[in-house]
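Q: Below is the file upload07.cif, with mmCIF, C-alpha atoms.
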data_coords
#
loop_
_atom_site.group_PDB
_atom_site.id
_atom_site.type_symbol
_atom_site.label_atom_id
_atom_site.label_comp_id
_atom_site.auth_asym_id
_atom_site.auth_seq_id
_atom_site.Cartn_x
_atom_site.Cartn_y
_atom_site.Cartn_z
ATOM 1 C CA MET A 1 105.111 113.866 31.652
ATOM 2 C CA ILE A 2 108.885 113.511 31.432
ATOM 3 C CA ALA A 3 109.113 114.110 35.197
ATOM 4 C CA ASN A 4 106.561 111.354 35.878
ATOM 5 C CA ALA A 5 108.402 108.950 33.592
ATOM 6 C CA ALA A 6 111.744 109.794 35.242
ATOM 7 C CA PHE A 7 110.222 109.259 38.702
ATOM 8 C CA ILE A 8 108.636 105.901 37.829
ATOM 9 C CA ALA A 9 111.722 104.607 36.017
ATOM 10 C CA THR A 10 114.059 105.673 38.839
ATOM 11 C CA PHE A 11 111.707 104.316 41.522
ATOM 12 C CA LEU A 12 111.373 100.888 39.891
ATOM 13 C CA ALA A 13 115.063 100.512 39.046
ATOM 14 C CA SER A 14 116.082 101.696 42.533
ATOM 15 C CA ALA A 15 113.527 99.395 44.179
ATOM 16 C CA VAL A 16 115.342 96.357 42.735
ATOM 17 C CA GLU A 17 118.601 97.497 44.388
ATOM 18 C CA ALA A 18 116.772 98.502 47.589
ATOM 19 C CA ILE A 19 115.265 95.010 47.904
ATOM 20 C CA GLU A 20 118.786 93.535 47.840
ATOM 21 C CA LEU A 21 119.945 96.107 50.421
ATOM 22 C CA VAL A 22 117.016 95.512 52.797
ATOM 23 C CA THR A 23 117.206 91.715 52.377
ATOM 24 C CA ILE A 24 120.816 91.694 53.570
ATOM 25 C CA VAL A 25 120.193 94.049 56.507
ATOM 26 C CA ILE A 26 117.060 92.172 57.700
ATOM 27 C CA GLY A 27 118.707 88.770 57.265
ATOM 28 C CA VAL A 28 121.899 89.744 59.107
ATOM 29 C CA GLY A 29 119.980 91.571 61.845
ATOM 30 C CA ALA A 30 117.646 88.651 62.492
ATOM 31 C CA THR A 31 120.549 86.183 62.575
ATOM 32 C CA ARG A 32 123.280 88.103 64.428
ATOM 33 C CA GLY A 33 121.309 90.722 66.363
ATOM 34 C CA TRP A 34 120.058 94.206 65.493
ATOM 35 C CA ARG A 35 122.344 96.671 67.309
ATOM 36 C CA SER A 36 125.552 96.160 65.323
ATOM 37 C CA THR A 37 123.592 95.560 62.103
ATOM 38 C CA VAL A 38 121.786 98.896 62.428
ATOM 39 C CA ILE A 39 125.039 100.692 63.304
ATOM 40 C CA GLY A 40 126.675 99.106 60.227
ATOM 41 C CA ALA A 41 123.736 100.074 57.991
ATOM 42 C CA LEU A 42 123.670 103.649 59.302
ATOM 43 C CA SER A 43 127.450 103.916 58.842
ATOM 44 C CA GLY A 44 127.004 102.702 55.261
ATOM 45 C CA PHE A 45 124.354 105.357 54.639
ATOM 46 C CA GLY A 46 126.642 107.964 56.256
ATOM 47 C CA VAL A 47 129.600 107.124 54.001
ATOM 48 C CA LEU A 48 127.230 106.993 51.017
ATOM 49 C CA ALA A 49 125.861 110.454 51.839
ATOM 50 C CA VAL A 50 129.402 111.882 52.066
ATOM 51 C CA ILE A 51 130.321 110.308 48.700
ATOM 52 C CA VAL A 52 127.153 111.636 47.035
ATOM 53 C CA VAL A 53 127.628 115.153 48.449
ATOM 54 C CA VAL A 54 131.358 115.309 47.601
ATOM 55 C CA VAL A 55 131.259 113.653 44.184
ATOM 56 C CA GLY A 56 127.751 114.686 43.072
ATOM 57 C CA ALA A 57 126.872 114.173 39.443
ATOM 58 C CA ALA A 58 130.371 112.860 38.670
ATOM 59 C CA LEU A 59 129.368 109.728 40.607
ATOM 60 C CA THR A 60 129.189 107.612 37.476
ATOM 61 C CA ALA A 61 132.944 108.118 37.040
ATOM 62 C CA ILE A 62 133.581 105.963 40.141
ATOM 63 C CA PRO A 63 134.616 102.457 38.999
ATOM 64 C CA ILE A 64 131.893 100.263 40.535
ATOM 65 C CA GLY A 65 133.375 97.055 39.089
ATOM 66 C CA PRO A 66 136.217 96.591 41.631
ATOM 67 C CA LEU A 67 133.817 97.432 44.496
ATOM 68 C CA ARG A 68 131.329 94.823 43.242
ATOM 69 C CA LEU A 69 134.123 92.248 42.958
ATOM 70 C CA VAL A 70 135.445 92.859 46.502
ATOM 71 C CA VAL A 71 132.029 93.078 48.197
ATOM 72 C CA GLY A 72 130.641 90.174 46.157
ATOM 73 C CA THR A 73 133.605 87.915 46.929
ATOM 74 C CA LEU A 74 133.463 88.715 50.667
ATOM 75 C CA LEU A 75 129.695 88.089 50.787
ATOM 76 C CA LEU A 76 130.154 84.854 48.838
ATOM 77 C CA VAL A 77 132.844 83.325 51.062
ATOM 78 C CA PHE A 78 131.052 84.437 54.237
ATOM 79 C CA GLY A 79 127.622 83.417 52.906
ATOM 80 C CA LEU A 80 128.968 79.940 52.114
ATOM 81 C CA GLN A 81 130.022 79.536 55.751
ATOM 82 C CA TRP A 82 126.461 80.284 56.909
ATOM 83 C CA PHE A 83 125.035 78.158 54.078
ATOM 84 C CA ARG A 84 127.059 75.153 55.307
ATOM 85 C CA LYS A 85 126.237 75.735 58.992
ATOM 86 C CA GLY A 86 122.552 76.121 58.078
ATOM 87 C CA ILE A 87 122.562 72.806 56.179
ATOM 88 C CA VAL A 88 124.235 70.970 59.074
ATOM 89 C CA ARG A 89 121.931 72.497 61.717
ATOM 90 C CA VAL A 90 118.667 72.133 59.789
ATOM 91 C CA ALA A 91 119.617 68.530 58.969
ATOM 92 C CA ALA A 92 120.169 67.888 62.682
ATOM 93 C CA ARG A 93 117.098 69.763 63.990
ATOM 94 C CA GLY A 94 114.635 69.715 61.100
ATOM 95 C CA PHE A 95 112.866 72.663 59.476
ATOM 96 C CA ALA A 96 110.824 73.281 62.611
ATOM 97 C CA GLY A 97 114.052 74.171 64.419
ATOM 98 C CA ALA A 98 114.372 73.766 68.159
ATOM 99 C CA GLN A 99 110.816 74.657 69.235
ATOM 100 C CA GLY A 100 111.103 78.304 68.291
ATOM 101 C CA PRO A 101 114.069 80.638 68.113
ATOM 102 C CA ASP A 102 117.213 78.974 69.388
ATOM 103 C CA VAL A 103 119.530 81.529 70.930
ATOM 104 C CA HIS A 104 122.190 78.982 71.832
ATOM 105 C CA ASP A 105 123.570 78.164 68.409
ATOM 106 C CA GLY A 106 126.472 80.585 68.554
ATOM 107 C CA GLU A 107 125.507 83.047 65.782
ATOM 108 C CA LEU A 108 123.452 85.505 67.858
ATOM 109 C CA TRP A 109 125.852 88.130 69.225
ATOM 110 C CA THR A 110 125.512 88.400 73.004
ATOM 111 C CA GLU A 111 128.785 90.202 73.884
ATOM 112 C CA PRO A 112 128.695 93.821 75.116
ATOM 113 C CA GLY A 113 130.929 95.187 72.306
ATOM 114 C CA LEU A 114 130.229 95.714 68.638
ATOM 115 C CA ASP A 115 129.645 92.609 66.493
ATOM 116 C CA TRP A 116 132.009 93.448 63.654
ATOM 117 C CA THR A 117 130.697 90.638 61.460
ATOM 118 C CA ALA A 118 127.157 92.058 61.474
ATOM 119 C CA PHE A 119 128.574 95.585 61.116
ATOM 120 C CA VAL A 120 130.702 94.750 58.063
ATOM 121 C CA LEU A 121 127.948 92.755 56.315
ATOM 122 C CA ALA A 122 125.357 95.515 56.786
ATOM 123 C CA PHE A 123 127.857 98.290 55.963
ATOM 124 C CA LYS A 124 128.997 96.675 52.704
ATOM 125 C CA GLY A 125 125.454 95.794 51.631
ATOM 126 C CA VAL A 126 124.200 99.340 52.222
ATOM 127 C CA LEU A 127 127.243 101.026 50.659
ATOM 128 C CA LEU A 128 127.269 98.913 47.485
ATOM 129 C CA GLU A 129 123.509 98.887 46.894
ATOM 130 C CA GLY A 130 123.208 102.532 47.956
ATOM 131 C CA LEU A 131 125.879 103.460 45.416
ATOM 132 C CA GLU A 132 123.967 101.547 42.743
ATOM 133 C CA VAL A 133 120.798 103.486 43.626
ATOM 134 C CA ALA A 134 122.834 106.712 43.404
ATOM 135 C CA PHE A 135 124.170 105.644 39.969
ATOM 136 C CA ILE A 136 120.612 104.972 38.793
ATOM 137 C CA VAL A 137 119.489 108.392 40.056
ATOM 138 C CA VAL A 138 122.375 110.170 38.298
ATOM 139 C CA SER A 139 121.977 108.164 35.061
ATOM 140 C CA PHE A 140 118.185 108.540 34.815
ATOM 141 C CA GLY A 141 118.339 112.129 36.049
ATOM 142 C CA ALA A 142 120.921 113.054 33.419
ATOM 143 C CA SER A 143 119.110 111.355 30.537
ATOM 144 C CA ALA A 144 115.805 113.085 31.404
ATOM 145 C CA ASN A 145 117.458 116.262 32.712
ATOM 146 C CA GLN A 146 115.419 115.743 35.893
ATOM 147 C CA TYR A 147 117.954 115.245 38.703
ATOM 148 C CA GLY A 148 115.548 116.359 41.448
ATOM 149 C CA VAL A 149 112.715 114.060 40.378
ATOM 150 C CA ALA A 150 115.135 111.145 39.885
ATOM 151 C CA ALA A 151 116.578 111.725 43.381
ATOM 152 C CA ILE A 152 113.080 111.684 44.895
ATOM 153 C CA GLY A 153 112.314 108.459 43.003
ATOM 154 C CA GLY A 154 115.487 106.775 44.291
ATOM 155 C CA ILE A 155 114.997 107.897 47.898
ATOM 156 C CA ALA A 156 111.288 106.935 47.773
ATOM 157 C CA ALA A 157 112.226 103.414 46.624
ATOM 158 C CA VAL A 158 114.665 102.944 49.520
ATOM 159 C CA VAL A 159 112.127 104.342 52.020
ATOM 160 C CA VAL A 160 109.214 102.209 50.749
ATOM 161 C CA VAL A 161 111.227 98.972 50.549
ATOM 162 C CA GLY A 162 112.836 99.776 53.916
ATOM 163 C CA ALA A 163 109.393 100.289 55.480
ATOM 164 C CA VAL A 164 108.196 96.936 54.114
ATOM 165 C CA GLY A 165 111.348 95.307 55.497
ATOM 166 C CA PHE A 166 110.789 96.946 58.890
ATOM 167 C CA ALA A 167 107.154 95.760 58.886
ATOM 168 C CA ILE A 168 108.134 92.109 58.341
ATOM 169 C CA LYS A 169 111.158 92.287 60.678
ATOM 170 C CA ASN A 170 109.360 90.651 63.612
ATOM 171 C CA SER A 171 108.024 87.836 61.444
ATOM 172 C CA VAL A 172 111.557 87.125 60.208
ATOM 173 C CA THR A 173 112.872 87.111 63.786
ATOM 174 C CA ARG A 174 110.344 84.394 64.724
ATOM 175 C CA ILE A 175 111.838 81.960 62.187
ATOM 176 C CA PRO A 176 113.982 79.286 63.909
ATOM 177 C CA ARG A 177 117.591 80.452 63.869
ATOM 178 C CA SER A 178 118.976 77.334 62.179
ATOM 179 C CA LEU A 179 116.530 77.754 59.286
ATOM 180 C CA LEU A 180 117.126 81.509 59.201
ATOM 181 C CA GLN A 181 120.870 80.938 58.965
ATOM 182 C CA LEU A 182 120.308 78.572 56.035
ATOM 183 C CA VAL A 183 118.061 81.079 54.222
ATOM 184 C CA VAL A 184 120.373 84.055 54.838
ATOM 185 C CA GLY A 185 123.375 81.930 53.829
ATOM 186 C CA ILE A 186 121.642 81.102 50.522
ATOM 187 C CA MET A 187 120.831 84.796 49.933
ATOM 188 C CA LEU A 188 124.352 86.031 50.738
ATOM 189 C CA THR A 189 125.791 83.311 48.487
ATOM 190 C CA THR A 190 123.405 84.350 45.694
ATOM 191 C CA PHE A 191 124.140 88.090 45.895
ATOM 192 C CA GLY A 192 127.844 87.381 46.390
ATOM 193 C CA SER A 193 128.030 85.176 43.274
ATOM 194 C CA PHE A 194 126.092 87.719 41.214
ATOM 195 C CA TRP A 195 128.116 90.770 42.274
ATOM 196 C CA ALA A 196 131.520 89.038 42.131
ATOM 197 C CA LEU A 197 131.016 88.072 38.478
ATOM 198 C CA GLU A 198 129.494 91.460 37.605
ATOM 199 C CA GLY A 199 132.626 92.969 39.171
ATOM 200 C CA LEU A 200 134.768 90.898 36.819
ATOM 201 C CA GLY A 201 132.801 92.335 33.911
ATOM 202 C CA VAL A 202 130.940 89.077 33.256
ATOM 203 C CA ARG A 203 127.383 89.576 31.991
ATOM 204 C CA TRP A 204 124.713 87.239 33.381
ATOM 205 C CA PRO A 205 122.331 85.888 30.698
ATOM 206 C CA LEU A 206 119.217 87.486 32.254
ATOM 207 C CA GLY A 207 120.885 90.492 33.900
ATOM 208 C CA ASP A 208 119.263 91.183 37.318
ATOM 209 C CA GLY A 209 116.710 88.508 36.376
ATOM 210 C CA SER A 210 119.465 85.934 36.951
ATOM 211 C CA ILE A 211 119.296 86.581 40.716
ATOM 212 C CA PRO A 212 116.024 84.653 41.335
ATOM 213 C CA VAL A 213 117.254 81.870 39.038
ATOM 214 C CA LEU A 214 120.543 81.644 40.955
ATOM 215 C CA LEU A 215 118.644 81.806 44.267
ATOM 216 C CA SER A 216 116.384 78.917 43.201
ATOM 217 C CA PHE A 217 119.379 76.871 42.042
ATOM 218 C CA TYR A 218 121.240 77.328 45.336
ATOM 219 C CA ALA A 219 118.063 76.792 47.417
ATOM 220 C CA ALA A 220 117.200 73.556 45.592
ATOM 221 C CA THR A 221 120.742 72.258 46.003
ATOM 222 C CA GLY A 222 120.817 73.296 49.674
ATOM 223 C CA LEU A 223 117.545 71.454 50.235
ATOM 224 C CA GLY A 224 119.059 68.394 48.564
ATOM 225 C CA TYR A 225 122.095 68.518 50.881
ATOM 226 C CA VAL A 226 119.790 68.895 53.917
ATOM 227 C CA LEU A 227 117.754 65.829 52.879
ATOM 228 C CA VAL A 228 120.883 63.731 52.270
ATOM 229 C CA GLU A 229 122.399 64.754 55.634
ATOM 230 C CA ARG A 230 119.090 64.211 57.446
ATOM 231 C CA ARG A 231 118.671 60.734 55.960
ATOM 232 C CA ARG A 232 122.221 59.877 57.042
ATOM 233 C CA LEU A 233 121.578 61.123 60.597
ATOM 234 C CA VAL A 234 118.296 59.181 60.853
ATOM 235 C CA ALA A 235 120.080 56.014 59.695
ATOM 236 C CA LEU A 236 122.869 56.608 62.235
ATOM 237 C CA ARG A 237 120.371 57.077 65.093
ATOM 238 C CA ALA A 238 118.471 53.947 64.046
ATOM 239 C CA ALA A 239 121.702 51.931 63.989
ATOM 240 C CA ALA A 240 122.923 53.256 67.350
ATOM 241 C CA PRO A 241 122.513 50.871 70.316
ATOM 242 C CA ALA A 242 119.572 51.817 72.562
ATOM 243 C CA MET B 1 152.278 100.179 71.817
ATOM 244 C CA SER B 2 150.974 96.806 72.966
ATOM 245 C CA ARG B 3 147.374 98.087 72.593
ATOM 246 C CA VAL B 4 148.118 99.000 68.980
ATOM 247 C CA LEU B 5 149.614 95.547 68.356
ATOM 248 C CA ASP B 6 146.601 93.921 70.039
ATOM 249 C CA TRP B 7 144.286 95.964 67.830
ATOM 250 C CA ILE B 8 146.201 94.979 64.683
ATOM 251 C CA ALA B 9 146.174 91.325 65.728
ATOM 252 C CA GLY B 10 142.438 91.506 66.460
ATOM 253 C CA PHE B 11 141.820 93.207 63.113
ATOM 254 C CA GLY B 12 143.739 90.456 61.325
ATOM 255 C CA ARG B 13 141.909 87.736 63.260
ATOM 256 C CA PHE B 14 138.537 89.279 62.364
ATOM 257 C CA TRP B 15 139.251 89.285 58.629
ATOM 258 C CA TYR B 16 140.754 85.792 58.746
ATOM 259 C CA HIS B 17 137.619 84.531 60.487
ATOM 260 C CA PHE B 18 135.390 86.493 58.100
ATOM 261 C CA ILE B 19 137.053 85.220 54.900
ATOM 262 C CA VAL B 20 138.508 81.832 55.790
ATOM 263 C CA GLY B 21 136.299 80.811 58.718
ATOM 264 C CA ASP B 22 136.654 77.205 59.832
ATOM 265 C CA ASP B 23 137.139 75.728 56.355
ATOM 266 C CA TRP B 24 139.876 77.278 54.220
ATOM 267 C CA THR B 25 138.948 75.177 51.183
ATOM 268 C CA VAL B 26 135.820 77.293 50.572
ATOM 269 C CA ALA B 27 137.716 80.587 50.192
ATOM 270 C CA ALA B 28 140.443 78.855 48.155
ATOM 271 C CA ALA B 29 137.937 77.265 45.749
ATOM 272 C CA VAL B 30 136.074 80.560 45.295
ATOM 273 C CA ALA B 31 139.353 82.388 44.608
ATOM 274 C CA VAL B 32 140.430 79.794 42.019
ATOM 275 C CA ALA B 33 136.975 79.865 40.368
ATOM 276 C CA LEU B 34 137.076 83.666 40.110
ATOM 277 C CA VAL B 35 140.595 83.616 38.599
ATOM 278 C CA ILE B 36 139.501 81.042 35.983
ATOM 279 C CA THR B 37 136.331 83.061 35.302
ATOM 280 C CA ALA B 38 138.439 86.184 34.748
ATOM 281 C CA GLY B 39 140.625 84.154 32.353
ATOM 282 C CA LEU B 40 137.605 82.908 30.417
ATOM 283 C CA ARG B 41 136.277 86.443 30.113
ATOM 284 C CA ALA B 42 139.678 87.746 28.984
ATOM 285 C CA ALA B 43 139.685 85.046 26.308
ATOM 286 C CA GLY B 44 136.289 86.257 25.112
ATOM 287 C CA LEU B 45 134.472 83.090 26.230
ATOM 288 C CA ALA B 46 131.209 82.781 28.169
ATOM 289 C CA ALA B 47 132.200 82.783 31.841
ATOM 290 C CA TRP B 48 129.031 83.096 33.968
ATOM 291 C CA TRP B 49 128.384 79.347 34.112
ATOM 292 C CA LEU B 50 131.521 78.336 36.049
ATOM 293 C CA LEU B 51 131.014 79.841 39.519
ATOM 294 C CA PRO B 52 127.572 78.374 40.515
ATOM 295 C CA PRO B 53 128.594 74.690 40.039
ATOM 296 C CA VAL B 54 131.903 75.351 41.836
ATOM 297 C CA VAL B 55 129.957 76.928 44.732
ATOM 298 C CA ILE B 56 127.661 73.900 44.950
ATOM 299 C CA ALA B 57 130.579 71.440 44.748
ATOM 300 C CA VAL B 58 132.691 73.179 47.399
ATOM 301 C CA LEU B 59 129.625 73.484 49.631
ATOM 302 C CA GLY B 60 129.086 69.723 49.463
ATOM 303 C CA VAL B 61 132.751 69.064 50.242
ATOM 304 C CA SER B 62 132.592 71.530 53.132
ATOM 305 C CA VAL B 63 129.487 69.835 54.596
ATOM 306 C CA VAL B 64 131.325 66.486 54.525
ATOM 307 C CA ARG B 65 134.420 68.077 56.131
ATOM 308 C CA ALA B 66 132.248 69.610 58.868
ATOM 309 C CA ARG B 67 130.646 66.221 59.518
ATOM 310 C CA ARG B 68 134.078 64.534 59.774
ATOM 311 C CA THR B 69 135.383 67.270 62.086
ATOM 312 C CA ALA B 70 132.329 66.871 64.328
ATOM 313 C CA ALA B 71 132.722 63.071 64.320
ATOM 314 C CA SER B 72 136.431 63.241 65.214
ATOM 315 C CA GLY B 73 135.574 65.700 68.014
ATOM 316 C CA ARG B 74 133.081 63.228 69.488
ATOM 317 C CA SER B 75 135.403 60.211 69.308
#
As structure tokens, what does this structure read like?
A:
Amino acid sequence: MIANAAFIATFLASAVEAIELVTIVIGVGATRGWRSTVIGALSGFGVLAVIVVVVGAALTAIPIGPLRLVVGTLLLVFGLQWFRKGIVRVAARGFAGAQGPDVHDGELWTEPGLDWTAFVLAFKGVLLEGLEVAFIVVSFGASANQYGVAAIGGIAAVVVVGAVGFAIKNSVTRIPRSLLQLVVGIMLTTFGSFWALEGLGVRWPLGDGSIPVLLSFYAATGLGYVLVERRRLVALRAAAPA
Amino acid sequence: MSRVLDWIAGFGRFWYHFIVGDDWTVAAAVAVALVITAGLRAAGLAAWWLLPPVVIAVLGVSVVRARRTAASGRS
């Protein structure tokens, strides 16, 4: 009974973190390209595995606050760049995009080498969220004295959410790139804002429940900026001499 | 030696592009907002409300700056 409760609690709590992890990896991969994103994600899992093996149950002693602040701030400032580019491009091209995926807008990595931007975004997302899953496993495992069951619950959550993310990967890739950049920019800005303040020790009013609220707030404002910019562009085109 | 210097320069360029990008005001505004938020928290005041409006405001300013940059590039 205790084992079942520990598994369910660890699975559900870890699933919340895994959704954030998979959202970042899928969003970055679909926008920048998959190769460097996957290498970054795998590197993040590799470093995470080393930390878990070396530190073990003393994991909760690692100060997660500074890591949240650094990763959150970096995601926020980078996410805002994509947020702005997404607004400008969607305003210019509309939500339908340029008749399907547009590979000429400069964000898709086409060089032969590693795309360090995609690598760093995926690496940081996996490392931070993976560490949070590991903290949940250690905390729940310690309180129920069921480390093994808690570990299975945490790993199962990452695998299940990862499988769902993999299943919808192709659908995400079919979204026009300008719109995708806007959506991923909003998500990076949301997670970045949330983690940066958590890293400073600030408590959000609804805890993790503040993330969808923040996401809705940013999305609504982004939509407002798109409509304002689009109206301005339409007026400019109408006023331009034929 | 020059390969090491090239690597260091490339490393620095990557992080500059990653953090500052093409509009330095965004990173600056976020940094200032986080410092003020830390101050509010240290003073024991509610601090979560400050960052989201700053993000929205600096985003709007950045969109206008991008529009002006694009317009000056065309003219």
Q: I'd like the neighbourhood of segment 80-97 of chain A as an NGL selection string, where a residue qualifies if any of its atoms comes within 10 Å (using all atoms listed in the file), though same-chain residues fewer than 5 positions away should be ignored.
A: (:A and (74-75 or 102 or 105 or 107 or 175-190 or 192 or 218-219 or 222-234)) or (:B and (18-23 or 26-27 or 30 or 55-56 or 58-64 or 66-67))
Q: Any idea what the distance is between atom CA of Val213 of chain A and atom CA of Trp48 of chain B?
A: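 We find that atom CA of Val213 of chain A and atom CA of Trp48 of chain B lie 12.9 Å from each other.
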Q: For segment 43-54 of chain B, take all atoms listed in the file, fit an axis-aligned box around them, add 5 Å to each of the six sides, then output centre and edge lengths in Å rounded to one decimal, as AutoDock Vina command-line options.
A:
--center_x 133.6 --center_y 80.5 --center_z 33.5 --size_x 22.1 --size_y 21.6 --size_z 26.7
Q: Find, counting all atoms listed in the file, the residue in B:Ala33, B:Ala46, B:Leu40, B:Pro52 that gets nearest to Ser210 of chain A.
A: B:Pro52
Q: Skip Ile24 of chain A itself and residues of its chain fewer than 6 positions away, then list as an MDAnalysis selection string all residues within 10 Å of it, counting only C-alpha atoms.
A: chainID A and resid 18 30 37 41 75 121:126 184 187:188 191
Q: What lies within 7 Å of segment 150-167 of chain A using all atoms listed in the file, ignoring chain neighbours under 4 positions off, as a list in words?
A: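 Result of the neighbour search: Ala6, Phe7, Ile8, Thr10, Phe11, Ser14, Ala15, Ala18, Ile19, Val22, Ile26, Val133, Val137, Phe140, Gly141 and Gln146 of chain A.
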Q: A:Trp34, A:Trp195, A:Trp204, A:Phe119: which is nearest chain B, counting all atoms listed in the file?
A: A:Trp204
Q: Tell me which of B:Leu5, B:Tyr16, B:Ala29, B:Ala38 sits closest to chain A, counting all atoms listed in the file.
A: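 Among the listed residues, the smallest separation from chain A belongs to B:Ala38.
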Q: Please compute the atom CA of Leu76 of chain A-atom CA of Ile8 of chain B distance, one decimal, in Å.
A: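 Computing the Euclidean distance for atom CA of Leu76 of chain A and atom CA of Ile8 of chain B yields 24.7 Å.
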